[in-house]
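coords-v3.cif follows (mmCIF, C-alpha atoms):
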data_target
#
loop_
_atom_site.label_atom_id
_atom_site.label_comp_id
_atom_site.auth_asym_id
_atom_site.auth_seq_id
_atom_site.Cartn_x
_atom_site.Cartn_y
_atom_site.Cartn_z
CA GLU U 1 2.52 18.35 -6.78
CA ASP U 2 2.93 14.61 -7.34
CA GLN U 3 -0.34 13.00 -8.37
CA VAL U 4 -1.65 9.60 -9.45
CA THR U 5 -4.99 9.03 -11.18
CA GLN U 6 -6.38 5.60 -11.91
CA SER U 7 -9.18 4.71 -14.29
CA PRO U 8 -11.70 3.28 -14.44
CA GLU U 9 -12.81 3.29 -10.80
CA ALA U 10 -14.51 -0.05 -11.33
CA LEU U 11 -14.45 -2.60 -14.11
CA ARG U 12 -16.60 -5.64 -14.59
CA LEU U 13 -15.37 -8.30 -17.04
CA GLN U 14 -16.53 -11.67 -18.16
CA GLU U 15 -14.07 -14.50 -17.65
CA GLY U 16 -11.68 -14.52 -20.60
CA GLU U 17 -12.44 -10.92 -21.60
CA SER U 18 -9.10 -9.09 -21.75
CA SER U 19 -8.82 -5.43 -20.76
CA SER U 20 -6.48 -2.76 -19.43
CA LEU U 21 -6.32 -0.56 -16.35
CA ASN U 22 -4.82 2.91 -16.59
CA CYS U 23 -2.60 4.83 -14.20
CA SER U 24 -1.74 8.42 -15.12
CA TYR U 25 0.87 10.22 -13.08
CA THR U 26 2.68 13.49 -12.62
CA VAL U 27 5.81 13.36 -10.54
CA SER U 28 9.07 15.21 -10.36
CA GLY U 29 11.80 12.72 -11.11
CA LEU U 30 10.13 9.31 -11.27
CA ARG U 31 12.02 6.77 -9.22
CA GLY U 32 9.61 3.91 -9.70
CA LEU U 33 5.98 3.13 -10.52
CA PHE U 34 4.43 0.33 -8.52
CA TRP U 35 1.43 -1.92 -9.09
CA TYR U 36 -0.24 -3.72 -6.22
CA ARG U 37 -3.19 -6.04 -5.85
CA GLN U 38 -5.37 -5.72 -2.76
CA ASP U 39 -7.99 -8.22 -1.67
CA PRO U 40 -10.72 -7.13 0.79
CA GLY U 41 -9.46 -6.94 4.36
CA LYS U 42 -5.83 -7.57 3.39
CA GLY U 43 -2.72 -5.55 2.78
CA PRO U 44 -1.58 -4.74 -0.76
CA GLU U 45 0.35 -7.48 -2.53
CA PHE U 46 3.33 -6.33 -4.58
CA LEU U 47 3.05 -7.06 -8.31
CA PHE U 48 5.50 -4.95 -10.33
CA THR U 49 7.93 -2.05 -10.24
CA LEU U 50 8.68 -0.13 -13.45
CA TYR U 51 11.43 2.44 -13.71
CA SER U 52 11.70 3.82 -17.22
CA ALA U 53 9.51 4.51 -20.24
CA GLY U 54 9.25 1.51 -22.50
CA GLU U 55 9.76 -0.99 -19.71
CA GLU U 56 7.39 -3.95 -19.50
CA LYS U 57 6.95 -6.69 -16.91
CA GLU U 58 4.77 -9.77 -16.92
CA LYS U 59 3.40 -12.15 -14.34
CA GLU U 60 0.95 -14.84 -15.34
CA ARG U 61 -2.04 -13.06 -16.93
CA LEU U 62 -0.79 -9.58 -16.01
CA LYS U 63 1.49 -7.30 -17.96
CA ALA U 64 2.49 -3.80 -16.88
CA THR U 65 3.82 -1.16 -19.25
CA LEU U 66 5.17 2.34 -18.67
CA THR U 67 5.34 5.56 -20.68
CA LYS U 68 6.46 9.01 -19.57
CA LYS U 69 2.94 9.90 -18.48
CA GLU U 70 1.09 6.70 -17.69
CA SER U 71 1.18 3.01 -17.00
CA PHE U 72 -1.14 0.28 -18.11
CA LEU U 73 -1.90 -3.00 -16.41
CA HIS U 74 -3.08 -5.40 -19.10
CA ILE U 75 -5.09 -8.41 -17.99
CA THR U 76 -5.25 -11.21 -20.53
CA ALA U 77 -8.05 -13.79 -20.34
CA PRO U 78 -8.87 -12.96 -16.71
CA LYS U 79 -10.26 -15.49 -14.28
CA PRO U 80 -12.61 -14.89 -11.33
CA GLU U 81 -9.63 -15.16 -8.96
CA ASP U 82 -8.19 -12.02 -10.56
CA SER U 83 -11.01 -10.05 -8.94
CA ALA U 84 -9.46 -7.49 -6.57
CA THR U 85 -8.60 -3.82 -6.28
CA TYR U 86 -5.51 -2.89 -8.26
CA LEU U 87 -3.49 0.01 -6.88
CA CYS U 88 -0.89 2.10 -8.65
CA ALA U 89 1.70 4.19 -6.82
CA VAL U 90 4.71 6.33 -7.71
CA ARG U 91 7.92 7.20 -5.92
CA GLY U 92 9.55 10.43 -6.94
CA GLY U 93 11.89 13.19 -5.97
CA ALA U 94 14.12 12.69 -2.98
CA THR U 95 11.59 10.84 -0.87
CA ASN U 96 10.92 7.15 -0.31
CA LYS U 97 7.21 7.80 0.09
CA LEU U 98 4.74 6.24 -2.30
CA ILE U 99 1.88 8.32 -3.70
CA PHE U 100 -1.12 6.08 -4.33
CA GLY U 101 -3.99 6.32 -6.74
CA THR U 102 -7.49 5.47 -5.60
CA GLY U 103 -7.44 2.08 -7.28
CA THR U 104 -9.51 0.14 -9.80
CA LEU U 105 -11.94 -2.42 -8.45
CA LEU U 106 -11.94 -5.33 -10.88
CA ALA U 107 -14.70 -7.93 -10.86
CA VAL U 108 -14.38 -10.94 -13.16
CA GLN U 109 -17.54 -12.93 -13.57
CA PRO U 110 -17.51 -16.62 -14.52
CA GLY B 1 5.83 -15.85 1.35
CA ALA B 2 5.10 -12.82 3.49
CA VAL B 3 8.02 -10.51 4.03
CA VAL B 4 6.27 -8.06 6.37
CA SER B 5 4.10 -9.15 9.28
CA GLN B 6 1.71 -7.26 11.53
CA HIS B 7 0.27 -8.08 14.91
CA PRO B 8 -2.49 -8.21 15.86
CA SER B 9 -4.55 -8.79 12.72
CA TRP B 10 -7.59 -7.35 14.44
CA VAL B 11 -8.31 -5.71 17.77
CA ILE B 12 -11.36 -4.33 19.56
CA CYS B 13 -10.83 -1.82 22.34
CA LYS B 14 -12.89 0.51 24.45
CA SER B 15 -12.91 4.24 23.94
CA GLY B 16 -10.15 5.95 25.90
CA THR B 17 -7.75 3.00 25.96
CA SER B 18 -4.51 2.62 23.99
CA VAL B 19 -3.66 0.00 21.41
CA LYS B 20 -0.23 -1.04 20.09
CA ILE B 21 0.28 -2.49 16.63
CA GLU B 22 3.55 -4.16 15.64
CA CYS B 23 5.11 -4.28 12.19
CA ARG B 24 8.05 -6.58 11.44
CA SER B 25 10.20 -7.10 8.39
CA LEU B 26 10.82 -10.82 8.28
CA ASP B 27 13.92 -11.46 6.20
CA PHE B 28 15.47 -8.06 5.67
CA GLN B 29 16.38 -4.99 7.64
CA ALA B 30 14.33 -1.85 7.22
CA THR B 31 15.70 1.45 8.44
CA THR B 32 12.47 3.02 7.27
CA MET B 33 8.91 1.78 7.61
CA PHE B 34 5.65 3.46 6.68
CA TRP B 35 2.28 3.50 8.41
CA TYR B 36 -0.94 3.89 6.45
CA ARG B 37 -4.61 4.11 7.29
CA GLN B 38 -7.32 2.92 4.97
CA PHE B 39 -11.03 3.63 5.31
CA PRO B 40 -13.61 1.41 3.58
CA LYS B 41 -13.48 1.62 -0.21
CA GLN B 42 -10.75 4.24 -0.09
CA SER B 43 -7.09 4.14 -0.99
CA LEU B 44 -4.17 4.12 1.42
CA MET B 45 -3.41 7.34 3.28
CA LEU B 46 0.13 7.71 4.53
CA MET B 47 0.19 8.65 8.21
CA ALA B 48 3.87 8.68 9.05
CA THR B 49 7.34 7.52 8.18
CA SER B 50 9.10 5.53 10.88
CA ASN B 51 12.88 5.92 11.03
CA GLU B 52 15.12 3.59 13.00
CA GLY B 53 17.07 5.53 15.59
CA SER B 54 15.29 8.82 15.08
CA LYS B 55 11.89 10.46 15.37
CA ALA B 56 9.07 9.58 13.05
CA THR B 57 7.96 12.01 10.38
CA TYR B 58 4.22 12.65 10.37
CA GLU B 59 2.07 13.70 7.45
CA GLN B 60 0.11 16.90 7.64
CA GLY B 61 -3.00 16.53 9.77
CA VAL B 62 -1.82 13.46 11.67
CA GLU B 63 -1.52 14.03 15.43
CA LYS B 64 1.88 12.80 16.57
CA ASP B 65 0.80 12.72 20.23
CA LYS B 66 -2.11 10.46 19.37
CA PHE B 67 -0.30 8.09 17.02
CA LEU B 68 2.97 7.23 18.71
CA ILE B 69 5.56 5.53 16.54
CA ASN B 70 8.64 3.75 17.79
CA HIS B 71 11.16 2.15 15.44
CA ALA B 72 12.79 -0.06 18.06
CA SER B 73 15.10 -2.06 15.78
CA LEU B 74 15.94 -2.61 12.15
CA THR B 75 13.09 -5.11 11.87
CA LEU B 76 10.42 -3.71 14.18
CA SER B 77 8.23 -0.61 14.19
CA THR B 78 5.25 -0.06 16.48
CA LEU B 79 2.25 2.23 16.20
CA THR B 80 0.38 3.05 19.41
CA VAL B 81 -3.04 4.64 19.11
CA THR B 82 -3.45 6.52 22.39
CA SER B 83 -6.80 7.38 23.96
CA ALA B 84 -8.60 5.75 21.09
CA HIS B 85 -12.00 6.99 19.97
CA PRO B 86 -14.56 5.44 17.61
CA GLU B 87 -13.40 7.69 14.78
CA ASP B 88 -9.97 6.00 15.02
CA SER B 89 -11.56 2.74 13.90
CA SER B 90 -9.88 1.86 10.63
CA PHE B 91 -7.58 -0.54 8.81
CA TYR B 92 -3.95 0.21 9.66
CA ILE B 93 -1.25 -1.09 7.32
CA CYS B 94 2.52 -0.86 7.55
CA SER B 95 5.07 -1.23 4.80
CA ALA B 96 8.80 -1.64 4.55
CA PRO B 97 11.04 -1.00 1.54
CA ARG B 98 13.70 -3.53 0.63
CA GLN B 99 16.49 -1.94 -1.31
CA GLY B 100 18.81 -3.90 -3.49
CA ALA B 101 19.12 -4.00 -7.25
CA THR B 102 15.61 -2.60 -7.30
CA TYR B 103 13.46 -0.75 -4.81
CA GLU B 104 10.53 -2.84 -3.66
CA GLN B 105 8.10 -1.85 -0.93
CA TYR B 106 6.21 -4.62 0.80
CA PHE B 107 3.07 -4.28 2.87
CA GLY B 108 1.93 -6.07 5.96
CA PRO B 109 -1.44 -7.82 6.08
CA GLY B 110 -3.03 -4.96 8.01
CA THR B 111 -4.65 -4.54 11.41
CA ARG B 112 -8.36 -3.91 11.76
CA LEU B 113 -8.98 -1.62 14.75
CA THR B 114 -12.47 -1.22 16.14
CA VAL B 115 -13.03 1.23 18.99
CA THR B 116 -16.29 0.82 20.86
#
Would you put the structure from the file into structure tokens?
Amino acid sequence: EDQVTQSPEALRLQEGESSSLNCSYTVSGLRGLFWYRQDPGKGPEFLFTLYSAGEEKEKERLKATLTKKESFLHITAPKPEDSATYLCAVRGGATNKLIFGTGTLLAVQP
Amino acid sequence: GAVVSQHPSWVICKSGTSVKIECRSLDFQATTMFWYRQFPKQSLMLMATSNEGSKATYEQGVEKDKFLINHASLTLSTLTVTSAHPEDSSFYICSAPRQGATYEQYFGPGTRLTVT
């Protein structure tokens, strides 16, 4: 059964304190791993799609990496505006459905 | 800018009435759209897959007669919550995949439904 596990559930950082969020997955035939940012009361905002082990993508202070078993979302020198829930999802097999993890709630304090 | 829109952004209705939520892809065609429900502090739960020109596919445990889905065109899908009850109060979010060189799935801003 396809499964996505995110850790930690919550993370509190000081402004400028770099860290990483983890997304572990099991899926038959990975056809994409997705990272989203979700602010309270809003829909998820697309960040990255990764397709193969070794792939990396960057956007401002965020960098996503992918191995055969997990993905990391690295946050470098975060700012308070980076506070949000970060969701990871995978697409596998013959379906277009995304399987979501439960998310990591990130709080960056000034 | 936003590539998927939803309307309304929030709605309050009385128990027993029906509510329709629209989901539109703004600058691309989507033969498939997805409907999710999200309870407070929980992740997204897929309810159904909306297919243009054919019946929707519902996830296990989702009542198809209660959550009516119509994929009227290549840019519009609607979700109607029929005979709503307070336990249907939730945040409903749609998404649409845009396929090209890469597969990207974009989400709407969500609709907050409150049933009184």
Using all atoms listed in the file, find the residues of chain U whose closest atom to chain B is at most 8 Å away, then write them as a PDB file with C-alpha atoms, in the coordinates of the input.
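As a result, part-v1.pdb now contains:
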ATOM      1  CA  GLY U  32       9.610   3.910  -9.700  1.00  0.00           C
ATOM      2  CA  GLY U  41      -9.460  -6.940   4.360  1.00  0.00           C
ATOM      3  CA  LYS U  42      -5.830  -7.570   3.390  1.00  0.00           C
ATOM      4  CA  GLY U  43      -2.720  -5.550   2.780  1.00  0.00           C
ATOM      5  CA  PRO U  44      -1.580  -4.740  -0.760  1.00  0.00           C
ATOM      6  CA  GLU U  45       0.350  -7.480  -2.530  1.00  0.00           C
ATOM      7  CA  PHE U  46       3.330  -6.330  -4.580  1.00  0.00           C
ATOM      8  CA  THR U  49       7.930  -2.050 -10.240  1.00  0.00           C
ATOM      9  CA  PHE U 100      -1.120   6.080  -4.330  1.00  0.00           C
ATOM     10  CA  GLY U 101      -3.990   6.320  -6.740  1.00  0.00           C
ATOM     11  CA  THR U 102      -7.490   5.470  -5.600  1.00  0.00           C
ATOM     12  CA  GLY U 103      -7.440   2.080  -7.280  1.00  0.00           C
TER      13      GLY U 103
END
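Distances from U:Tyr86, U:Tyr25, U:Phe48, U:Phe72 to Leu11 (chain U) were compared using all atoms listed in the file, and the smallest one belongs to U:Tyr86.
A straight line drawn from CA of Leu76 (chain B) to CA of Trp10 (chain B) is 18.4 Å long.
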Original post:
Could you spell out the hits of the PyMOL selection byres ((chain U and resi 9) around 9) on the shown file, as a ChimeraX atom specification?
Top reply: /U:6-8,10-11,102-106
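Here CA of Lys97 (chain U) stands at a distance of 15.8 Å from CA of Leu50 (chain U).
This file, filtered with the PyMOL selection byres ((chain U and resi 58) around 12), gives the residues Trp35, Leu47, Phe48, Thr49, Leu50, Glu55, Glu56, Lys57, Lys59, Glu60, Arg61, Leu62, Lys63, Ala64, Thr65, Phe72, Leu73, His74, Ile75 and Thr76 of chain U.
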**OP:** Could you check how far CA of Gly61 (chain B) sits from CA of Met47 (chain B), in Å to one decimal?
**Re:** 8.6 Å
**OP:** Output the residue selection produced by the PyMOL selection byres ((chain U and resi 82) around 8) on the file above, formatted as number ranges by chain.
**Re:** U: 78-81, 83-84, 106-108
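Excluding Thr114 (chain B) itself and any same-chain residue fewer than 4 positions from it, the protein and nucleic acid residues within 7 Å of it, counting only C-alpha atoms, are Val11, Ile12, Cys13, Ser89 and Ser90 of chain B.
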Give the padded box for region 11-28 of chain U as AutoDock Vina command-line options: axis-aligned, covering all atoms listed in the file, 5 Å on each side, centre and edge lengths in Å to one decimal.
--center_x -3.8 --center_y 0.3 --center_z -16.1 --size_x 35.7 --size_y 39.7 --size_z 21.4
**OP:** Compile the contact shell of Ala84 (chain B) as a list in words: residues with an atom at most 9 Å away, counting all atoms listed in the file, same-chain residues fewer than 4 positions apart removed.
**Re:** Cys13, Lys14, Ser15, Gly16, Thr17, Ser18, Val19, Lys66, Asp88, Ser89 and Val115 of chain B
So that I have them on file, write out the residues from the current selection with C-alpha atoms, as an mmCIF file, in the coordinates of the input.
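Contents of again.cif, freshly written:
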data_model
loop_
_atom_site.group_PDB
_atom_site.id
_atom_site.type_symbol
_atom_site.label_atom_id
_atom_site.label_comp_id
_atom_site.auth_asym_id
_atom_site.auth_seq_id
_atom_site.Cartn_x
_atom_site.Cartn_y
_atom_site.Cartn_z
ATOM 1 C CA CYS B 13 -10.830 -1.820 22.340
ATOM 2 C CA LYS B 14 -12.890 0.510 24.450
ATOM 3 C CA SER B 15 -12.910 4.240 23.940
ATOM 4 C CA GLY B 16 -10.150 5.950 25.900
ATOM 5 C CA THR B 17 -7.750 3.000 25.960
ATOM 6 C CA SER B 18 -4.510 2.620 23.990
ATOM 7 C CA VAL B 19 -3.660 0.000 21.410
ATOM 8 C CA LYS B 66 -2.110 10.460 19.370
ATOM 9 C CA ASP B 88 -9.970 6.000 15.020
ATOM 10 C CA SER B 89 -11.560 2.740 13.900
ATOM 11 C CA VAL B 115 -13.030 1.230 18.990
#
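Nearest to Thr67 (chain U) of all the residues U:Leu13, U:Leu33, U:Leu21, U:Ala94 is U:Leu33, based on only C-alpha atoms.
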**OP:** Fewer than 2 positions away in the same chain doesn't count, so skip those; otherwise give me all residues within 12 Å of Ser50 (chain B), counting all atoms listed in the file, as a ChimeraX atom specification.
**Re:** /U:96-97 /B:23,30-36,46-48,52-59,64,67-79,94-97
Writer output for current selection, C-alpha atoms, as a PDB file, in the coordinates of the input:
ATOM      1  CA  ASN U  96      10.920   7.150  -0.310  1.00  0.00           C
ATOM      2  CA  LYS U  97       7.210   7.800   0.090  1.00  0.00           C
TER       3      LYS U  97
ATOM      4  CA  CYS B  23       5.110  -4.280  12.190  1.00  0.00           C
ATOM      5  CA  ALA B  30      14.330  -1.850   7.220  1.00  0.00           C
ATOM      6  CA  THR B  31      15.700   1.450   8.440  1.00  0.00           C
ATOM      7  CA  THR B  32      12.470   3.020   7.270  1.00  0.00           C
ATOM      8  CA  MET B  33       8.910   1.780   7.610  1.00  0.00           C
ATOM      9  CA  PHE B  34       5.650   3.460   6.680  1.00  0.00           C
ATOM     10  CA  TRP B  35       2.280   3.500   8.410  1.00  0.00           C
ATOM     11  CA  TYR B  36      -0.940   3.890   6.450  1.00  0.00           C
ATOM     12  CA  LEU B  46       0.130   7.710   4.530  1.00  0.00           C
ATOM     13  CA  MET B  47       0.190   8.650   8.210  1.00  0.00           C
ATOM     14  CA  ALA B  48       3.870   8.680   9.050  1.00  0.00           C
ATOM     15  CA  GLU B  52      15.120   3.590  13.000  1.00  0.00           C
ATOM     16  CA  GLY B  53      17.070   5.530  15.590  1.00  0.00           C
ATOM     17  CA  SER B  54      15.290   8.820  15.080  1.00  0.00           C
ATOM     18  CA  LYS B  55      11.890  10.460  15.370  1.00  0.00           C
ATOM     19  CA  ALA B  56       9.070   9.580  13.050  1.00  0.00           C
ATOM     20  CA  THR B  57       7.960  12.010  10.380  1.00  0.00           C
ATOM     21  CA  TYR B  58       4.220  12.650  10.370  1.00  0.00           C
ATOM     22  CA  GLU B  59       2.070  13.700   7.450  1.00  0.00           C
ATOM     23  CA  LYS B  64       1.880  12.800  16.570  1.00  0.00           C
ATOM     24  CA  PHE B  67      -0.300   8.090  17.020  1.00  0.00           C
ATOM     25  CA  LEU B  68       2.970   7.230  18.710  1.00  0.00           C
ATOM     26  CA  ILE B  69       5.560   5.530  16.540  1.00  0.00           C
ATOM     27  CA  ASN B  70       8.640   3.750  17.790  1.00  0.00           C
ATOM     28  CA  HIS B  71      11.160   2.150  15.440  1.00  0.00           C
ATOM     29  CA  ALA B  72      12.790  -0.060  18.060  1.00  0.00           C
ATOM     30  CA  SER B  73      15.100  -2.060  15.780  1.00  0.00           C
ATOM     31  CA  LEU B  74      15.940  -2.610  12.150  1.00  0.00           C
ATOM     32  CA  THR B  75      13.090  -5.110  11.870  1.00  0.00           C
ATOM     33  CA  LEU B  76      10.420  -3.710  14.180  1.00  0.00           C
ATOM     34  CA  SER B  77       8.230  -0.610  14.190  1.00  0.00           C
ATOM     35  CA  THR B  78       5.250  -0.060  16.480  1.00  0.00           C
ATOM     36  CA  LEU B  79       2.250   2.230  16.200  1.00  0.00           C
ATOM     37  CA  CYS B  94       2.520  -0.860   7.550  1.00  0.00           C
ATOM     38  CA  SER B  95       5.070  -1.230   4.800  1.00  0.00           C
ATOM     39  CA  ALA B  96       8.800  -1.640   4.550  1.00  0.00           C
ATOM     40  CA  PRO B  97      11.040  -1.000   1.540  1.00  0.00           C
TER      41      PRO B  97
END
